[in-house]
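Asks: Have a peek at coords.cif (mmCIF, N, CA and C atoms and all ligand atoms).
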```cif
data_coords
#
loop_
_atom_site.label_atom_id
_atom_site.label_comp_id
_atom_site.auth_asym_id
_atom_site.auth_seq_id
_atom_site.Cartn_x
_atom_site.Cartn_y
_atom_site.Cartn_z
N MET A 1 15.04 129.02 182.44
CA MET A 1 14.78 129.34 181.03
C MET A 1 15.65 130.51 180.58
N VAL A 2 16.20 130.34 179.40
CA VAL A 2 17.09 131.37 178.86
C VAL A 2 16.30 132.30 177.94
N LYS A 3 16.17 133.52 178.36
CA LYS A 3 15.45 134.48 177.53
C LYS A 3 16.39 135.06 176.48
N PRO A 4 15.85 135.34 175.29
CA PRO A 4 16.73 135.98 174.29
C PRO A 4 17.17 137.34 174.81
N THR A 5 18.44 137.67 174.60
CA THR A 5 18.93 138.98 175.03
C THR A 5 18.43 140.05 174.06
N LYS A 6 18.66 141.30 174.45
CA LYS A 6 18.24 142.40 173.59
C LYS A 6 18.96 142.33 172.25
N ALA A 7 20.24 141.95 172.30
CA ALA A 7 21.02 141.84 171.06
C ALA A 7 20.45 140.73 170.17
N ASP A 8 20.04 139.61 170.82
CA ASP A 8 19.42 138.52 170.07
C ASP A 8 18.16 139.01 169.36
N LEU A 9 17.34 139.72 170.14
CA LEU A 9 16.06 140.20 169.59
C LEU A 9 16.29 141.11 168.39
N THR A 10 17.29 141.99 168.51
CA THR A 10 17.60 142.90 167.40
C THR A 10 18.01 142.09 166.18
N LYS A 11 18.79 141.05 166.42
CA LYS A 11 19.27 140.21 165.32
C LYS A 11 18.08 139.49 164.65
N TYR A 12 17.21 138.89 165.48
CA TYR A 12 16.05 138.19 164.92
C TYR A 12 15.16 139.14 164.13
N LYS A 13 15.04 140.34 164.69
CA LYS A 13 14.18 141.33 164.04
C LYS A 13 14.71 141.66 162.64
N THR A 14 16.03 141.83 162.56
CA THR A 14 16.65 142.14 161.27
C THR A 14 16.40 140.99 160.29
N ILE A 15 16.63 139.76 160.76
CA ILE A 15 16.44 138.59 159.89
C ILE A 15 14.99 138.52 159.43
N LEU A 16 14.06 138.68 160.39
CA LEU A 16 12.64 138.57 160.07
C LEU A 16 12.22 139.63 159.05
N LYS A 17 12.71 140.83 159.24
CA LYS A 17 12.33 141.91 158.31
C LYS A 17 12.86 141.65 156.91
N GLN A 18 14.08 141.11 156.85
CA GLN A 18 14.65 140.79 155.53
C GLN A 18 13.83 139.70 154.86
N GLN A 19 13.49 138.66 155.66
CA GLN A 19 12.73 137.55 155.10
C GLN A 19 11.36 138.02 154.64
N LEU A 20 10.78 138.91 155.42
CA LEU A 20 9.47 139.45 155.08
C LEU A 20 9.53 140.20 153.74
N ALA A 21 10.57 141.02 153.60
CA ALA A 21 10.71 141.81 152.37
C ALA A 21 10.90 140.87 151.18
N THR A 22 11.74 139.83 151.36
CA THR A 22 11.98 138.88 150.27
C THR A 22 10.70 138.17 149.90
N LEU A 23 9.99 137.68 150.91
CA LEU A 23 8.76 136.93 150.64
C LEU A 23 7.72 137.81 149.97
N LYS A 24 7.57 139.03 150.46
CA LYS A 24 6.56 139.91 149.87
C LYS A 24 6.89 140.20 148.42
N GLY A 25 8.19 140.40 148.13
CA GLY A 25 8.61 140.60 146.74
C GLY A 25 8.30 139.38 145.91
N ASP A 26 8.60 138.19 146.46
CA ASP A 26 8.36 136.94 145.75
C ASP A 26 6.90 136.75 145.44
N VAL A 27 6.07 136.95 146.45
CA VAL A 27 4.64 136.72 146.27
C VAL A 27 4.11 137.64 145.19
N GLY A 28 4.55 138.90 145.21
CA GLY A 28 4.12 139.85 144.20
C GLY A 28 4.48 139.40 142.80
N SER A 29 5.76 139.00 142.61
CA SER A 29 6.17 138.65 141.26
C SER A 29 5.60 137.30 140.84
N MET A 30 5.41 136.38 141.82
CA MET A 30 4.82 135.09 141.45
C MET A 30 3.37 135.26 141.04
N ARG A 31 2.68 136.16 141.75
CA ARG A 31 1.27 136.37 141.43
C ARG A 31 1.17 136.97 140.01
N ASP A 32 2.05 137.92 139.71
CA ASP A 32 2.06 138.50 138.36
C ASP A 32 2.25 137.42 137.32
N GLU A 33 3.19 136.53 137.61
CA GLU A 33 3.50 135.50 136.64
C GLU A 33 2.33 134.54 136.47
N ALA A 34 1.70 134.18 137.57
CA ALA A 34 0.57 133.26 137.52
C ALA A 34 -0.56 133.90 136.71
N LEU A 35 -0.78 135.18 136.92
CA LEU A 35 -1.85 135.87 136.21
C LEU A 35 -1.50 135.98 134.72
N ARG A 36 -0.23 136.22 134.44
CA ARG A 36 0.19 136.30 133.04
C ARG A 36 -0.07 134.96 132.37
N ALA A 37 0.24 133.89 133.07
CA ALA A 37 0.03 132.55 132.51
C ALA A 37 -1.44 132.34 132.18
N SER A 38 -2.33 132.86 133.00
CA SER A 38 -3.76 132.65 132.72
C SER A 38 -4.21 133.51 131.54
N ASP A 39 -3.57 134.66 131.34
CA ASP A 39 -3.88 135.46 130.15
C ASP A 39 -3.52 134.69 128.90
N GLN A 40 -2.38 134.04 128.97
CA GLN A 40 -1.92 133.30 127.80
C GLN A 40 -2.85 132.14 127.48
N ASP A 41 -3.40 131.53 128.50
CA ASP A 41 -4.31 130.41 128.29
C ASP A 41 -5.47 130.82 127.39
N ALA A 42 -5.86 132.07 127.52
CA ALA A 42 -7.03 132.53 126.79
C ALA A 42 -6.73 132.71 125.30
N SER A 43 -5.47 132.83 124.94
CA SER A 43 -5.18 133.07 123.53
C SER A 43 -4.99 131.75 122.78
N VAL A 44 -5.51 131.72 121.54
CA VAL A 44 -5.49 130.50 120.74
C VAL A 44 -4.06 130.03 120.50
N ASP A 45 -3.14 130.98 120.33
CA ASP A 45 -1.75 130.63 120.04
C ASP A 45 -1.16 129.71 121.09
N HIS A 46 -1.62 129.84 122.29
CA HIS A 46 -1.00 129.09 123.37
C HIS A 46 -1.79 127.87 123.81
N LEU A 47 -2.82 127.52 123.04
CA LEU A 47 -3.65 126.38 123.45
C LEU A 47 -2.81 125.13 123.65
N ALA A 48 -1.81 124.96 122.80
CA ALA A 48 -0.98 123.76 122.90
C ALA A 48 -0.23 123.71 124.23
N ASP A 49 0.03 124.87 124.78
CA ASP A 49 0.79 124.94 126.03
C ASP A 49 -0.11 124.92 127.27
N GLN A 50 -1.39 124.89 127.03
CA GLN A 50 -2.32 125.10 128.14
C GLN A 50 -2.08 124.14 129.32
N GLY A 51 -1.82 122.89 128.97
CA GLY A 51 -1.59 121.90 130.03
C GLY A 51 -0.50 122.34 130.98
N THR A 52 0.65 122.67 130.43
CA THR A 52 1.77 123.07 131.29
C THR A 52 1.47 124.37 132.01
N ASP A 53 0.83 125.29 131.31
CA ASP A 53 0.52 126.57 131.94
C ASP A 53 -0.36 126.36 133.17
N ASN A 54 -1.37 125.52 133.01
CA ASN A 54 -2.26 125.27 134.15
C ASN A 54 -1.50 124.63 135.30
N TYR A 55 -0.61 123.70 134.92
CA TYR A 55 0.17 123.05 135.96
C TYR A 55 1.03 124.09 136.68
N ASP A 56 1.72 124.91 135.89
CA ASP A 56 2.58 125.93 136.49
C ASP A 56 1.79 126.88 137.37
N GLN A 57 0.62 127.25 136.88
CA GLN A 57 -0.19 128.20 137.63
C GLN A 57 -0.60 127.62 138.98
N GLY A 58 -1.03 126.37 138.96
CA GLY A 58 -1.42 125.71 140.21
C GLY A 58 -0.25 125.62 141.16
N PHE A 59 0.89 125.27 140.60
CA PHE A 59 2.10 125.14 141.40
C PHE A 59 2.45 126.48 142.04
N MET A 60 2.39 127.53 141.24
CA MET A 60 2.75 128.85 141.75
C MET A 60 1.75 129.35 142.79
N LEU A 61 0.47 129.08 142.52
CA LEU A 61 -0.52 129.53 143.49
C LEU A 61 -0.34 128.79 144.82
N GLY A 62 0.08 127.52 144.72
CA GLY A 62 0.36 126.75 145.94
C GLY A 62 1.50 127.37 146.71
N LEU A 63 2.54 127.78 145.98
CA LEU A 63 3.68 128.43 146.63
C LEU A 63 3.24 129.73 147.29
N ILE A 64 2.39 130.48 146.60
CA ILE A 64 1.93 131.75 147.14
C ILE A 64 1.21 131.51 148.47
N GLU A 65 0.39 130.45 148.49
CA GLU A 65 -0.36 130.15 149.70
C GLU A 65 0.58 129.90 150.88
N ASN A 66 1.63 129.08 150.63
CA ASN A 66 2.60 128.78 151.68
C ASN A 66 3.34 130.03 152.11
N GLU A 67 3.68 130.86 151.12
CA GLU A 67 4.44 132.06 151.45
C GLU A 67 3.58 133.01 152.26
N GLU A 68 2.28 133.07 151.92
CA GLU A 68 1.42 133.98 152.68
C GLU A 68 1.30 133.51 154.13
N GLU A 69 1.32 132.18 154.31
CA GLU A 69 1.27 131.64 155.67
C GLU A 69 2.55 132.04 156.41
N THR A 70 3.69 131.90 155.72
CA THR A 70 4.97 132.26 156.34
C THR A 70 5.00 133.75 156.66
N ILE A 71 4.49 134.58 155.73
CA ILE A 71 4.46 136.02 155.97
C ILE A 71 3.67 136.31 157.25
N GLN A 72 2.57 135.63 157.40
CA GLN A 72 1.74 135.83 158.60
C GLN A 72 2.52 135.45 159.85
N LEU A 73 3.23 134.32 159.79
CA LEU A 73 4.02 133.87 160.95
C LEU A 73 5.11 134.88 161.27
N ILE A 74 5.75 135.43 160.22
CA ILE A 74 6.82 136.41 160.43
C ILE A 74 6.24 137.68 161.06
N GLU A 75 5.08 138.12 160.55
CA GLU A 75 4.49 139.34 161.11
C GLU A 75 4.12 139.14 162.58
N GLU A 76 3.62 137.95 162.91
CA GLU A 76 3.28 137.67 164.31
C GLU A 76 4.54 137.67 165.17
N ALA A 77 5.64 137.09 164.65
CA ALA A 77 6.89 137.04 165.41
C ALA A 77 7.40 138.45 165.68
N LEU A 78 7.29 139.32 164.66
CA LEU A 78 7.74 140.71 164.84
C LEU A 78 6.90 141.40 165.92
N GLU A 79 5.62 141.10 165.94
CA GLU A 79 4.76 141.68 166.99
C GLU A 79 5.18 141.20 168.36
N ARG A 80 5.55 139.90 168.44
CA ARG A 80 6.00 139.37 169.74
C ARG A 80 7.28 140.05 170.19
N ILE A 81 8.20 140.27 169.23
CA ILE A 81 9.46 140.94 169.59
C ILE A 81 9.17 142.34 170.12
N ASP A 82 8.20 143.02 169.51
CA ASP A 82 7.87 144.38 169.95
C ASP A 82 6.97 144.39 171.19
N GLY A 83 6.66 143.20 171.70
CA GLY A 83 5.82 143.13 172.90
C GLY A 83 4.33 143.29 172.61
N ASN A 84 3.95 143.21 171.34
CA ASN A 84 2.53 143.35 171.00
C ASN A 84 1.89 142.02 170.61
N GLY A 85 2.63 140.94 170.79
CA GLY A 85 2.10 139.63 170.39
C GLY A 85 1.20 139.03 171.46
N ASP A 86 0.71 137.82 171.16
CA ASP A 86 -0.17 137.14 172.11
C ASP A 86 0.61 136.49 173.25
N TRP A 87 1.91 136.35 173.06
CA TRP A 87 2.77 135.80 174.12
C TRP A 87 4.19 136.31 173.87
N PRO A 88 5.09 136.20 174.87
CA PRO A 88 6.44 136.75 174.68
C PRO A 88 7.23 136.01 173.60
N PHE A 89 8.05 136.74 172.87
CA PHE A 89 8.89 136.13 171.84
C PHE A 89 9.85 135.12 172.46
N GLY A 90 10.03 133.99 171.76
CA GLY A 90 11.00 132.99 172.21
C GLY A 90 10.45 132.03 173.24
N VAL A 91 9.13 132.15 173.52
CA VAL A 91 8.51 131.26 174.49
C VAL A 91 7.48 130.40 173.75
N CYS A 92 7.43 129.11 174.10
CA CYS A 92 6.41 128.25 173.51
C CYS A 92 5.15 128.37 174.38
N PRO A 93 4.06 128.91 173.83
CA PRO A 93 2.87 129.14 174.65
C PRO A 93 2.23 127.85 175.14
N LEU A 94 2.44 126.76 174.39
CA LEU A 94 1.83 125.49 174.79
C LEU A 94 2.57 124.88 175.97
N CYS A 95 3.90 125.06 176.00
CA CYS A 95 4.68 124.62 177.16
C CYS A 95 4.22 125.42 178.38
N ASP A 96 4.06 126.71 178.17
CA ASP A 96 3.63 127.61 179.23
C ASP A 96 2.28 127.15 179.80
N GLU A 97 1.38 126.78 178.92
CA GLU A 97 0.06 126.30 179.34
C GLU A 97 0.19 125.04 180.18
N GLU A 98 1.08 124.14 179.74
CA GLU A 98 1.27 122.88 180.47
C GLU A 98 1.75 123.17 181.89
N VAL A 99 2.71 124.10 182.00
CA VAL A 99 3.27 124.44 183.31
C VAL A 99 2.18 125.05 184.19
N GLU A 100 1.43 125.98 183.61
CA GLU A 100 0.36 126.64 184.38
C GLU A 100 -0.69 125.64 184.84
N ALA A 101 -1.08 124.74 183.94
CA ALA A 101 -2.10 123.74 184.26
C ALA A 101 -1.61 122.83 185.39
N ALA A 102 -0.33 122.46 185.33
CA ALA A 102 0.23 121.58 186.36
C ALA A 102 0.25 122.29 187.71
N LYS A 103 0.61 123.58 187.69
CA LYS A 103 0.65 124.34 188.93
C LYS A 103 -0.73 124.40 189.57
N LYS A 104 -1.73 124.61 188.73
CA LYS A 104 -3.10 124.72 189.24
C LYS A 104 -3.62 123.39 189.77
N SER A 105 -3.13 122.30 189.19
CA SER A 105 -3.64 120.98 189.57
C SER A 105 -3.24 120.63 191.00
N LYS A 106 -2.15 121.24 191.48
CA LYS A 106 -1.63 120.98 192.83
C LYS A 106 -1.28 119.52 193.07
N ASP A 107 -1.17 118.79 191.96
CA ASP A 107 -0.76 117.40 192.03
C ASP A 107 0.78 117.40 192.06
N ALA A 108 1.35 116.96 193.18
CA ALA A 108 2.80 117.07 193.38
C ALA A 108 3.59 116.46 192.23
N LYS A 109 3.11 115.34 191.73
CA LYS A 109 3.82 114.67 190.63
C LYS A 109 3.82 115.54 189.38
N LYS A 110 2.65 116.09 189.09
CA LYS A 110 2.53 116.94 187.89
C LYS A 110 3.37 118.20 188.04
N VAL A 111 3.35 118.78 189.23
CA VAL A 111 4.12 120.00 189.46
C VAL A 111 5.60 119.71 189.27
N LYS A 112 6.03 118.55 189.76
CA LYS A 112 7.43 118.18 189.63
C LYS A 112 7.80 117.98 188.16
N ALA A 113 6.92 117.31 187.43
CA ALA A 113 7.18 117.07 186.00
C ALA A 113 7.20 118.40 185.25
N ALA A 114 6.29 119.29 185.64
CA ALA A 114 6.20 120.58 184.94
C ALA A 114 7.44 121.42 185.17
N ALA A 115 8.07 121.22 186.35
CA ALA A 115 9.27 122.01 186.66
C ALA A 115 10.39 121.72 185.67
N LYS A 116 10.29 120.55 185.01
CA LYS A 116 11.34 120.18 184.04
C LYS A 116 11.07 120.77 182.66
N ILE A 117 9.85 121.25 182.47
CA ILE A 117 9.52 121.84 181.16
C ILE A 117 10.13 123.23 181.07
N ASP A 118 10.85 123.44 179.98
CA ASP A 118 11.40 124.79 179.75
C ASP A 118 10.62 125.41 178.59
N PRO A 119 9.79 126.41 178.90
CA PRO A 119 8.96 126.98 177.83
C PRO A 119 9.76 127.78 176.80
N ALA A 120 11.04 128.03 177.09
CA ALA A 120 11.84 128.80 176.14
C ALA A 120 12.15 127.95 174.91
N ILE A 121 11.98 128.53 173.75
CA ILE A 121 12.34 127.85 172.51
C ILE A 121 13.87 127.92 172.39
N PRO A 122 14.53 126.77 172.17
CA PRO A 122 16.00 126.79 172.13
C PRO A 122 16.54 127.78 171.11
N LYS A 123 17.66 128.39 171.47
CA LYS A 123 18.28 129.41 170.62
C LYS A 123 18.59 128.86 169.22
N ALA A 124 19.06 127.62 169.18
CA ALA A 124 19.41 127.02 167.89
C ALA A 124 18.19 127.00 166.96
N ARG A 125 17.01 126.74 167.54
CA ARG A 125 15.79 126.69 166.74
C ARG A 125 15.40 128.10 166.27
N LEU A 126 15.54 129.07 167.17
CA LEU A 126 15.18 130.44 166.81
C LEU A 126 16.12 131.00 165.74
N GLU A 127 17.39 130.58 165.80
CA GLU A 127 18.32 131.10 164.80
C GLU A 127 18.00 130.53 163.44
N TYR A 128 17.47 129.31 163.44
CA TYR A 128 17.13 128.66 162.18
C TYR A 128 15.76 129.13 161.70
N LEU A 129 14.84 129.27 162.62
CA LEU A 129 13.45 129.63 162.32
C LEU A 129 12.97 130.69 163.30
N PRO A 130 13.35 131.95 163.10
CA PRO A 130 12.98 132.96 164.11
C PRO A 130 11.48 133.16 164.25
N TRP A 131 10.69 132.70 163.26
CA TRP A 131 9.24 132.89 163.36
C TRP A 131 8.54 131.68 163.97
N ALA A 132 9.35 130.71 164.46
CA ALA A 132 8.75 129.51 165.07
C ALA A 132 7.79 129.92 166.20
N ARG A 133 6.60 129.34 166.19
CA ARG A 133 5.64 129.67 167.24
C ARG A 133 5.85 128.77 168.45
N TYR A 134 6.20 127.51 168.18
CA TYR A 134 6.27 126.52 169.26
C TYR A 134 7.63 125.85 169.31
N CYS A 135 7.86 125.13 170.42
CA CYS A 135 9.04 124.29 170.52
C CYS A 135 8.85 123.12 169.56
N VAL A 136 9.90 122.35 169.33
CA VAL A 136 9.81 121.26 168.35
C VAL A 136 8.71 120.27 168.73
N ARG A 137 8.63 119.93 170.01
CA ARG A 137 7.65 118.94 170.46
C ARG A 137 6.23 119.41 170.13
N HIS A 138 5.92 120.64 170.46
CA HIS A 138 4.56 121.13 170.22
C HIS A 138 4.29 121.42 168.75
N GLN A 139 5.35 121.80 168.02
CA GLN A 139 5.19 122.00 166.58
C GLN A 139 4.75 120.69 165.93
N GLU A 140 5.39 119.59 166.36
CA GLU A 140 5.03 118.28 165.80
C GLU A 140 3.60 117.91 166.16
N ASP A 141 3.20 118.22 167.39
CA ASP A 141 1.81 117.96 167.81
C ASP A 141 0.85 118.72 166.91
N GLU A 142 1.16 119.99 166.68
CA GLU A 142 0.28 120.84 165.87
C GLU A 142 0.15 120.29 164.46
N GLU A 143 1.29 119.86 163.89
CA GLU A 143 1.26 119.35 162.53
C GLU A 143 0.47 118.05 162.45
N ARG A 144 0.58 117.24 163.49
CA ARG A 144 -0.16 115.98 163.52
C ARG A 144 -1.67 116.30 163.60
N ASN A 145 -2.00 117.27 164.43
CA ASN A 145 -3.42 117.65 164.54
C ASN A 145 -3.97 118.14 163.21
N ARG A 146 -3.13 118.91 162.51
CA ARG A 146 -3.57 119.47 161.25
C ARG A 146 -3.80 118.37 160.22
N GLU A 147 -2.88 117.38 160.21
CA GLU A 147 -3.01 116.31 159.24
C GLU A 147 -4.25 115.46 159.48
N SER A 148 -4.57 115.24 160.75
CA SER A 148 -5.72 114.38 161.05
C SER A 148 -7.02 115.16 160.99
N ALA A 149 -6.95 116.50 160.93
CA ALA A 149 -8.17 117.30 160.90
C ALA A 149 -8.87 117.19 159.55
ZN ZN B 1 6.21 123.62 173.74
#
```
Would you write the structure of this file as structure tokens?
Ligand SMILES: [Zn+2]
Replies:
Amino acid sequence: MVKPTKADLTKYKTILKQQLATLKGDVGSMRDEALRASDQDASVDHLADQGTDNYDQGFMLGLIENEEETIQLIEEALERIDGNGDWPFGVCPLCDEEVEAAKKSKDAKKVKAAAKIDPAIPKARLEYLPWARYCVRHQEDEERNRESA
């Protein structure tokens, strides 16, 4: 498994902090705008626009929700980089669990299969999504679980 180097970590940290600042700024201004839109709804002058305003407000609040989720993921990634996270940065915890479970099972076949699992999240994925929690395979599993929940 290829661990991110110190230089990589510094780079990811810079990217994450920038993204965090951008998102926090966005959420703040979007929330202001959404609230302004609801003020306008209350005034008679804008009754004709109410339909669009409500639509816009819902749309913006939806964006805020997604952004807040991303902010949370970024904050968790920063904690992992600083060594304060729930698992090491750049490692897929679910892959790690699979490897550990296989080791404990003492089933030779499982141990052999687990030896092929690389819990490290590929560099290409981290460069694209430094806040990724899981490898692509487990990310897809998680999304499928969420959809069926
Ligand atoms: Zn994984």
Asks: Which residues are near ligand ZN 1 (chain B) in this structure, taking near to mean any atom at most 8 Å from a ligand atom and counting only N, CA and C atoms and all ligand atoms? Format them as number ranges by chain.
Replies: A: 91-98, 118-121, 133-139
Asks: In Å to one decimal, how far is CA of Ile64 in chain A from CA of Asn145 in chain A?
Replies: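 CA of Ile64 in chain A lies at a distance of 23.0 Å from CA of Asn145 in chain A.
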Asks: Once 3 Å is added on each side, what are the centre and the three edge lengths, in Å to one decimal, of the axis-aligned box enclosing the listed atoms of range 25-38 of chain A? Present them as lines of an AutoDock Vina configuration file.
Replies:
```
center_x = 2.2
center_y = 136.5
center_z = 139.8
size_x = 18.8
size_y = 14.3
size_z = 22.6
```
Asks: Between atom N of Gln57 in chain A and CA of Leu16 in chain A, what is the distance in Å, rounded to a tenth?
Replies: 28.5 Å
Asks: Can you tell me which residues surround Leu9 in chain A at a distance of at most 10 Å, considering only C-alpha atoms, apart from same-chain residues fewer than 2 positions away, and format the answer as number ranges by chain?
Replies: A: 3-7, 11-15, 78, 81-82, 89-90, 130
Asks: What is the distance between atom C of Gln19 in chain A and CA of Arg125 in chain A, in Å to one decimal?
Replies: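 The value is 17.2 Å.
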Asks: Which residue gives the smallest distance to Asp8 in chain A among A:Leu126, A:Arg31, A:Glu79, A:Glu69, with only C-alpha atoms counted?
Replies: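 Among A:Leu126, A:Arg31, A:Glu79, A:Glu69, it is A:Leu126 that comes nearest to Asp8 in chain A.
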Asks: I'd like to know which residues of range 92-130 of chain A are alpha helix (DSSP H) (by DSSP, run on the backbone); could you write them as number ranges by chain?
Replies: A: 93-105, 108-115, 123-128
Asks: Closest to Ala77 in chain A among A:Lys24, A:Arg144, A:Trp131, A:Lys123, using all atoms listed in the file?
Replies: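 Going through A:Lys24, A:Arg144, A:Trp131, A:Lys123 one by one, the smallest distance to Ala77 in chain A is for A:Trp131.
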